[in-house]
file protein.cif (mmCIF, C-alpha atoms)
data_query
#
loop_
_atom_site.label_atom_id
_atom_site.label_comp_id
_atom_site.auth_asym_id
_atom_site.auth_seq_id
_atom_site.Cartn_x
_atom_site.Cartn_y
_atom_site.Cartn_z
CA MET A 1 42.81 -19.23 15.34
CA ASP A 2 41.03 -15.97 16.22
CA ARG A 3 39.29 -14.51 13.16
CA GLN A 4 37.38 -11.28 12.95
CA GLY A 5 36.31 -8.62 10.49
CA ILE A 6 35.61 -8.60 6.78
CA GLY A 7 38.20 -8.62 4.04
CA THR A 8 38.22 -6.26 1.06
CA PRO A 9 35.81 -7.63 -1.58
CA LEU A 10 37.58 -9.59 -4.33
CA HIS A 11 37.05 -8.80 -8.00
CA VAL A 12 36.76 -12.20 -9.69
CA ARG A 13 36.19 -13.54 -13.18
CA PRO A 14 35.56 -17.13 -14.28
CA ASP A 15 39.32 -17.75 -14.15
CA GLY A 16 39.65 -16.32 -10.65
CA PRO A 17 41.62 -15.44 -8.61
CA TRP A 18 39.81 -18.19 -6.65
CA PRO A 19 42.58 -19.11 -4.15
CA GLU A 20 42.05 -15.71 -2.51
CA VAL A 21 38.50 -16.73 -1.60
CA THR A 22 39.89 -19.65 0.40
CA GLU A 23 42.48 -17.35 1.99
CA HIS A 24 39.79 -14.86 3.09
CA LEU A 25 37.71 -17.66 4.60
CA ALA A 26 40.73 -18.84 6.56
CA GLU A 27 41.57 -15.33 7.76
CA TYR A 28 38.13 -13.83 8.35
CA GLY A 29 35.68 -16.74 8.30
CA ASN A 30 33.96 -15.07 5.33
CA ALA A 31 34.65 -13.82 1.81
CA VAL A 32 32.97 -11.36 -0.53
CA VAL A 33 33.39 -11.33 -4.30
CA HIS A 34 32.07 -9.07 -7.02
CA SER A 35 32.09 -8.92 -10.80
CA THR A 36 30.02 -7.71 -13.76
CA TRP A 37 27.53 -9.46 -15.98
CA GLY A 38 29.74 -8.83 -19.00
CA GLU A 39 32.76 -10.53 -17.49
CA TRP A 40 30.71 -13.71 -17.04
CA LEU A 41 28.76 -13.56 -20.31
CA PRO A 42 31.22 -15.74 -22.31
CA ALA A 43 31.03 -18.44 -19.62
CA ALA A 44 27.24 -18.15 -19.52
CA VAL A 45 27.00 -18.60 -23.30
CA THR A 46 29.69 -21.20 -23.95
CA GLU A 47 29.84 -23.32 -20.77
CA PRO A 48 29.27 -26.92 -21.99
CA ARG A 49 28.13 -28.05 -18.54
CA LEU A 50 25.57 -25.29 -18.11
CA ARG A 51 22.67 -27.60 -17.22
CA PRO A 52 24.43 -29.48 -14.39
CA LEU A 53 25.96 -26.21 -13.20
CA LEU A 54 22.56 -24.55 -12.92
CA GLY A 55 20.97 -27.61 -11.35
CA ARG A 56 17.48 -26.79 -10.09
CA ASP A 57 17.81 -23.29 -11.62
CA TRP A 58 17.87 -24.81 -15.12
CA THR A 59 14.07 -24.85 -15.47
CA ARG A 60 13.75 -21.27 -14.32
CA TYR A 61 16.49 -20.22 -16.72
CA ARG A 62 14.77 -21.89 -19.67
CA ARG A 63 11.49 -20.14 -18.88
CA LEU A 64 12.93 -16.63 -18.93
CA PRO A 65 11.76 -15.07 -22.22
CA ASP A 66 14.23 -12.18 -22.47
CA PRO A 67 17.76 -13.21 -23.60
CA THR A 68 19.40 -10.42 -21.61
CA VAL A 69 17.57 -11.44 -18.44
CA ARG A 70 18.54 -15.08 -19.06
CA HIS A 71 22.22 -14.21 -19.47
CA ARG A 72 22.24 -12.10 -16.31
CA PHE A 73 20.47 -14.83 -14.38
CA VAL A 74 23.04 -17.40 -15.50
CA ALA A 75 25.97 -15.08 -14.74
CA SER A 76 24.83 -14.48 -11.17
CA ARG A 77 24.28 -18.20 -10.54
CA LEU A 78 27.65 -19.10 -11.99
CA LEU A 79 29.32 -16.51 -9.77
CA MET A 80 27.57 -17.98 -6.75
CA LYS A 81 28.46 -21.58 -7.68
CA TYR A 82 32.10 -20.79 -8.52
CA THR A 83 32.52 -18.84 -5.27
CA ALA A 84 31.09 -21.64 -3.15
CA ALA A 85 33.16 -24.21 -5.05
CA ALA A 86 36.34 -22.22 -4.40
CA ALA A 87 35.50 -22.03 -0.70
CA LEU A 88 34.78 -25.75 -0.51
CA ARG A 89 37.50 -26.79 -2.96
CA THR A 90 35.14 -28.83 -5.09
CA ASP A 91 33.55 -28.89 -8.55
CA PRO A 92 30.85 -26.18 -9.00
CA ALA A 93 28.55 -28.70 -10.70
CA SER A 94 28.57 -30.89 -7.58
CA LEU A 95 26.90 -28.17 -5.48
CA ASP A 96 23.14 -27.87 -5.15
CA VAL A 97 21.89 -24.31 -4.63
CA SER A 98 18.34 -23.99 -3.35
CA TYR A 99 16.25 -21.10 -2.02
CA ARG A 100 14.45 -20.38 1.21
CA LEU A 101 11.18 -18.48 1.49
CA GLY A 102 11.90 -14.98 0.28
CA GLY A 103 14.49 -16.19 -2.23
CA ARG A 104 17.57 -16.40 0.00
CA PRO A 105 20.02 -18.94 -1.51
CA TYR A 106 21.64 -21.76 0.43
CA LEU A 107 23.78 -24.81 -0.28
CA ARG A 108 21.91 -28.04 0.33
CA GLY A 109 23.91 -30.31 2.62
CA PHE A 110 26.23 -27.55 3.85
CA ASP A 111 24.32 -26.18 6.82
CA GLN A 112 27.32 -24.27 8.16
CA ILE A 113 27.89 -22.33 4.93
CA ASP A 114 25.82 -19.16 4.45
CA LEU A 115 25.35 -17.33 1.15
CA SER A 116 24.08 -13.92 0.06
CA LEU A 117 23.64 -12.55 -3.47
CA THR A 118 23.02 -8.99 -4.64
CA HIS A 119 23.03 -7.22 -7.98
CA THR A 120 22.45 -3.72 -9.29
CA GLY A 121 23.30 -2.18 -12.65
CA ASP A 122 26.05 -4.32 -14.14
CA LEU A 123 27.40 -5.33 -10.71
CA MET A 124 26.79 -8.65 -9.00
CA ALA A 125 28.25 -9.67 -5.65
CA VAL A 126 28.25 -12.76 -3.46
CA GLY A 127 29.03 -13.10 0.23
CA ILE A 128 29.91 -16.46 1.77
CA SER A 129 30.52 -17.28 5.44
CA ARG A 130 31.26 -20.37 7.48
CA ASP A 131 31.05 -18.63 10.88
CA GLY A 132 27.47 -17.35 10.77
CA ARG A 133 25.03 -15.32 8.70
CA VAL A 134 26.16 -13.00 5.90
CA GLY A 135 24.36 -10.33 3.91
CA VAL A 136 25.50 -8.13 1.01
CA ASP A 137 23.88 -5.14 -0.65
CA ALA A 138 25.02 -2.73 -3.36
CA GLU A 139 23.89 0.58 -4.84
CA PRO A 140 25.34 2.89 -7.48
CA ALA A 141 27.67 5.24 -5.61
CA GLY A 142 26.19 8.23 -7.43
CA ARG A 143 22.62 7.55 -6.37
CA ARG A 144 21.13 10.70 -4.82
CA MET A 145 19.37 9.54 -1.65
CA ARG A 146 18.02 12.65 0.06
CA PHE A 147 18.09 12.52 3.81
CA ASP A 148 15.04 14.78 4.19
CA LEU A 149 12.92 12.42 2.07
CA VAL A 150 13.89 9.10 3.66
CA ARG A 151 14.78 9.90 7.27
CA GLU A 152 11.35 9.02 8.67
CA MET A 153 11.36 5.57 7.06
CA MET A 154 14.97 4.59 7.70
CA CYS A 155 16.59 6.61 10.49
CA THR A 156 16.61 6.19 14.24
CA PRO A 157 16.73 9.35 16.39
CA SER A 158 20.47 8.89 16.98
CA GLU A 159 21.12 8.52 13.24
CA GLU A 160 19.09 11.64 12.49
CA ALA A 161 21.12 13.53 15.07
CA GLU A 162 24.37 12.53 13.33
CA LEU A 163 23.17 13.10 9.77
CA ALA A 164 21.28 16.36 10.16
CA PRO A 165 24.31 18.68 10.76
CA LEU A 166 26.35 17.33 7.80
CA PRO A 167 26.90 19.32 4.58
CA GLU A 168 24.42 18.24 1.89
CA ASP A 169 26.83 16.21 -0.25
CA GLU A 170 28.26 14.36 2.75
CA GLN A 171 24.78 13.89 4.16
CA THR A 172 23.58 12.32 0.89
CA ALA A 173 26.58 9.99 0.70
CA GLU A 174 26.24 8.89 4.33
CA THR A 175 22.50 8.30 3.91
CA LEU A 176 23.20 6.00 0.96
CA ARG A 177 25.91 4.14 2.89
CA LEU A 178 23.53 3.75 5.83
CA TRP A 179 20.84 2.37 3.51
CA THR A 180 23.15 -0.31 2.09
CA LEU A 181 24.31 -1.31 5.58
CA LYS A 182 20.73 -1.74 6.74
CA GLU A 183 19.87 -3.75 3.64
CA ALA A 184 22.90 -6.01 4.18
CA TYR A 185 22.03 -6.53 7.85
CA THR A 186 18.39 -7.44 7.24
CA LYS A 187 19.44 -9.76 4.40
CA ALA A 188 21.86 -11.49 6.77
CA LEU A 189 18.97 -11.98 9.18
CA GLY A 190 16.91 -13.45 6.35
CA GLN A 191 14.23 -10.79 6.82
CA GLY A 192 14.81 -8.34 3.96
CA MET A 193 12.44 -5.36 4.20
CA ARG A 194 10.25 -7.15 6.75
CA ILE A 195 12.24 -5.47 9.55
CA GLY A 196 11.65 -1.75 9.80
CA PHE A 197 14.84 0.25 9.25
CA THR A 198 13.95 2.49 12.21
CA GLU A 199 14.07 -0.52 14.56
CA PHE A 200 17.89 -0.55 14.60
CA GLY A 201 20.67 1.84 13.75
CA PHE A 202 24.37 2.33 13.08
CA GLY A 203 26.93 4.71 14.44
CA LEU A 204 28.08 6.75 11.44
CA ARG A 205 31.62 7.08 12.77
CA THR A 206 31.97 3.79 14.62
CA GLY A 207 30.01 1.54 12.25
CA ARG A 208 28.60 -0.28 15.26
CA LEU A 209 25.13 -1.76 15.42
CA LEU A 210 22.94 0.37 17.71
CA ALA A 211 19.54 0.21 19.34
CA PRO A 212 17.09 2.98 18.31
CA ASP A 213 18.06 5.05 21.35
CA GLY A 214 21.72 4.98 20.30
CA SER A 215 22.91 2.39 22.81
CA ARG A 216 25.18 -0.35 21.53
CA ALA A 217 23.54 -3.63 20.49
CA ALA A 218 24.95 -7.15 20.20
CA PRO A 219 28.55 -6.30 21.21
CA GLY A 220 31.17 -8.30 19.36
CA GLN A 221 28.74 -10.49 17.40
CA TRP A 222 28.50 -8.53 14.14
CA ALA A 223 31.00 -7.03 11.74
CA PHE A 224 30.08 -4.47 9.06
CA ALA A 225 31.94 -2.91 6.18
CA THR A 226 31.29 -0.73 3.14
CA HIS A 227 33.62 -0.64 0.14
CA HIS A 228 33.67 0.94 -3.29
CA ALA A 229 33.43 -1.68 -6.03
CA LEU A 230 34.52 -1.09 -9.61
CA GLY A 231 34.83 2.60 -8.78
CA ARG A 232 31.10 3.24 -9.21
CA TYR A 233 29.23 1.16 -6.63
CA LEU A 234 28.91 0.98 -2.85
CA LEU A 235 29.04 -2.58 -1.56
CA SER A 236 28.09 -3.17 2.08
CA VAL A 237 28.55 -6.39 4.01
CA ALA A 238 27.14 -7.67 7.31
CA CYS A 239 28.65 -10.77 8.95
CA HIS A 240 27.54 -12.48 12.13
CA ASP A 241 29.91 -14.55 14.21
CA ALA A 242 27.78 -17.32 15.70
CA GLY A 243 30.70 -18.63 17.74
CA LEU A 244 30.73 -21.89 15.83
CA ASP A 245 33.47 -24.40 16.48
CA THR A 246 34.76 -24.45 12.92
CA SER A 247 37.66 -26.28 11.32
CA LEU A 248 40.07 -24.47 9.06
CA ASP A 249 39.35 -27.22 6.53
CA THR A 250 36.38 -26.11 4.44
CA SER A 251 36.69 -28.75 1.74
CA ALA A 252 33.44 -30.37 0.66
CA ARG A 253 34.34 -33.78 2.06
CA THR A 254 34.74 -32.43 5.61
CA THR A 255 31.94 -29.84 5.51
CA LEU A 256 29.22 -31.77 3.71
CA ASP A 257 26.61 -33.41 5.88
CA PRO A 258 27.44 -37.17 5.71
CA GLY A 259 23.83 -38.27 5.22
CA PHE A 260 23.27 -35.83 2.40
CA ALA A 261 26.55 -36.84 0.79
CA ALA A 262 25.50 -40.48 0.78
CA ALA A 263 22.11 -39.65 -0.71
CA MET A 264 23.70 -37.54 -3.43
CA ALA A 265 26.12 -40.33 -4.30
CA GLU A 266 23.23 -42.77 -4.71
CA THR A 267 20.87 -40.56 -6.70
CA SER A 268 23.05 -38.18 -8.74
CA PRO A 269 24.03 -39.18 -12.27
CA PRO A 270 27.68 -38.66 -13.26
CA VAL A 271 28.50 -35.24 -14.74
CA SER A 272 30.15 -35.40 -18.12
#
call {"tool": "encode", "arguments": {"input": "protein.cif", "output": "structure tokens"}}
result
Amino acid sequence: MDRQGIGTPLHVRPDGPWPEVTEHLAEYGNAVVHSTWGEWLPAAVTEPRLRPLLGRDWTRYRRLPDPTVRHRFVASRLLMKYTAAAALRTDPASLDVSYRLGGRPYLRGFDQIDLSLTHTGDLMAVGISRDGRVGVDAEPAGRRMRFDLVREMMCTPSEEAELAPLPEDEQTAETLRLWTLKEAYTKALGQGMRIGFTEFGFGLRTGRLLAPDGSRAAPGQWAFATHHALGRYLLSVACHDAGLDTSLDTSARTTLDPGFAAAMAETSPPVS
């Protein structure tokens, strides 16, 4: 089955709609979900299995002194766990989320599954992919990002040439969209701000990844998209197609590394 592109981000709550995550993975090889802290607060406060759901994040959660920060931390981790569980058709508490250097999350034992988490304001979003790397980034849609103040730190010559002639309002909006795309791309690479934003570019009209001189880079390997979320945020997504030989079956029993699965079965206590 030939899959390409990125589906429209799904607005999810603790009760779903989770089947659509599986459908997006089957159609695109990736899925993006978003929600708000408030929509997940009841689950964060009342979930009886909170400790096994948080797993290794439990200690960090307990050490957070501010109740609001704790609730937001729990909400974002639950969103990540529920999304991965929907993709893998398994129990969220059975998944072990860990973090690489720099804080990038990953699922232990599921090397083919890639995760990305972002949050701003009351929005949180998760990207998940089984075909390659994924990165998500969000900003308030009304943020005033002035082109004249940021162009030297974020724009390639070809991007400057496209942005400079635009009317001010359109220029500001396109600069913000460009910023979120670059954030999403560097997050997908696992580099964050360690890659200079002037070292790569995007075609404003085509959305294609470009070299600094404006020539096309990595043809056919990356897909990018920007959507409005909740009517007040910009949510950008970068997905890499690594050309993996994937199965349409993404259930945990067929995706989980067999050795890790055996170790988990031997060492993990039953979840009540």
call {"tool": "resolve_selection", "arguments": {"input": "protein.cif", "expression": "the PyMOL selection byres ((chain A and resi 113) around 10)", "output": "ChimeraX atom specification"}}
result
/A:30,84,87-88,106-112,114-115,128-134,250,255-256
call {"tool": "atom_distance", "arguments": {"input": "protein.cif", "atom1": "atom CA of A:Arg63", "atom2": "atom CA of A:Thr90"}}
result
28.7 Å
call {"tool": "closest_atom_pairs", "arguments": {"input": "protein.cif", "of": "stretch 53-151 of chain A", "to": "stretch 180-202 of chain A", "cutoff": "9 Å", "atoms": "all atoms listed in the file", "output": "tab-separated table"}}
result
residue	atom	partner	partner_atom	distance
A:Arg100	CA	A:Gly190	CA	9.0
A:Gly102	CA	A:Gly190	CA	8.0
A:Arg104	CA	A:Gly190	CA	7.0
A:Asp114	CA	A:Ala188	CA	8.9
A:Leu115	CA	A:Ala188	CA	8.8
A:Ser116	CA	A:Ala188	CA	7.5
A:Arg133	CA	A:Ala188	CA	5.3
A:Val134	CA	A:Ala188	CA	4.6
A:Gly135	CA	A:Ala188	CA	4.0
A:Val136	CA	A:Ala184	CA	4.6
A:Asp137	CA	A:Ala184	CA	5.0
A:Ala138	CA	A:Thr180	CA	6.2
A:Glu139	CA	A:Thr180	CA	7.0
A:Arg151	CA	A:Thr198	CA	8.9
call {"tool": "residues_around", "arguments": {"input": "protein.cif", "residues": "A:Arg205", "least_positions_apart": "4", "cutoff": "12 Å", "atoms": "all atoms listed in the file", "output": "list in words"}}
result
Glu159, Glu162, Leu163, Glu174, Arg177, Leu178, Leu209 and Ala225 of chain A
call {"tool": "resolve_selection", "arguments": {"input": "protein.cif", "expression": "the PyMOL selection byres ((chain A and resi 216) around 12)", "output": "CSV table (one decimal) with C-alpha atoms, in the frame of the given file"}}
result
chain,number,residue,atom,x,y,z
A,158,SER,CA,20.5,8.9,17.0
A,200,PHE,CA,17.9,-0.6,14.6
A,201,GLY,CA,20.7,1.8,13.8
A,202,PHE,CA,24.4,2.3,13.1
A,203,GLY,CA,26.9,4.7,14.4
A,206,THR,CA,32.0,3.8,14.6
A,207,GLY,CA,30.0,1.5,12.2
A,208,ARG,CA,28.6,-0.3,15.3
A,209,LEU,CA,25.1,-1.8,15.4
A,210,LEU,CA,22.9,0.4,17.7
A,211,ALA,CA,19.5,0.2,19.3
A,212,PRO,CA,17.1,3.0,18.3
A,213,ASP,CA,18.1,5.0,21.4
A,214,GLY,CA,21.7,5.0,20.3
A,215,SER,CA,22.9,2.4,22.8
A,217,ALA,CA,23.5,-3.6,20.5
A,218,ALA,CA,25.0,-7.2,20.2
A,219,PRO,CA,28.6,-6.3,21.2
A,220,GLY,CA,31.2,-8.3,19.4
A,221,GLN,CA,28.7,-10.5,17.4
A,222,TRP,CA,28.5,-8.5,14.1
call {"tool": "atom_distance", "arguments": {"input": "protein.cif", "atom1": "atom CA of A:Pro167", "atom2": "atom CA of A:Trp179"}}
result
18.0 Å
call {"tool": "resolve_selection", "arguments": {"input": "protein.cif", "expression": "the PyMOL selection byres ((chain A and resi 119-123) around 6)", "output": "VMD selection string"}}
result
chain A and resid 35 to 37 118 124
call {"tool": "closest_residue", "arguments": {"input": "protein.cif", "among": "A:Met145, A:Val69, A:Ala86, A:Ala75", "to": "A:Pro17", "atoms": "all atoms listed in the file"}}
result
A:Ala86
call {"tool": "atom_distance", "arguments": {"input": "protein.cif", "atom1": "atom CA of A:Glu160", "atom2": "atom CA of A:Gly5"}}
result
26.7 Å
call {"tool": "closest_residue", "arguments": {"input": "protein.cif", "among": "A:Leu10, A:Met153, A:Ser76, A:Arg49", "to": "A:His34", "atoms": "all atoms listed in the file"}}
result
A:Leu10
call {"tool": "closest_residue", "arguments": {"input": "protein.cif", "among": "A:Pro140, A:Leu204, A:Ala223, A:Gly127", "to": "A:Thr156", "atoms": "all atoms listed in the file"}}
result
A:Leu204
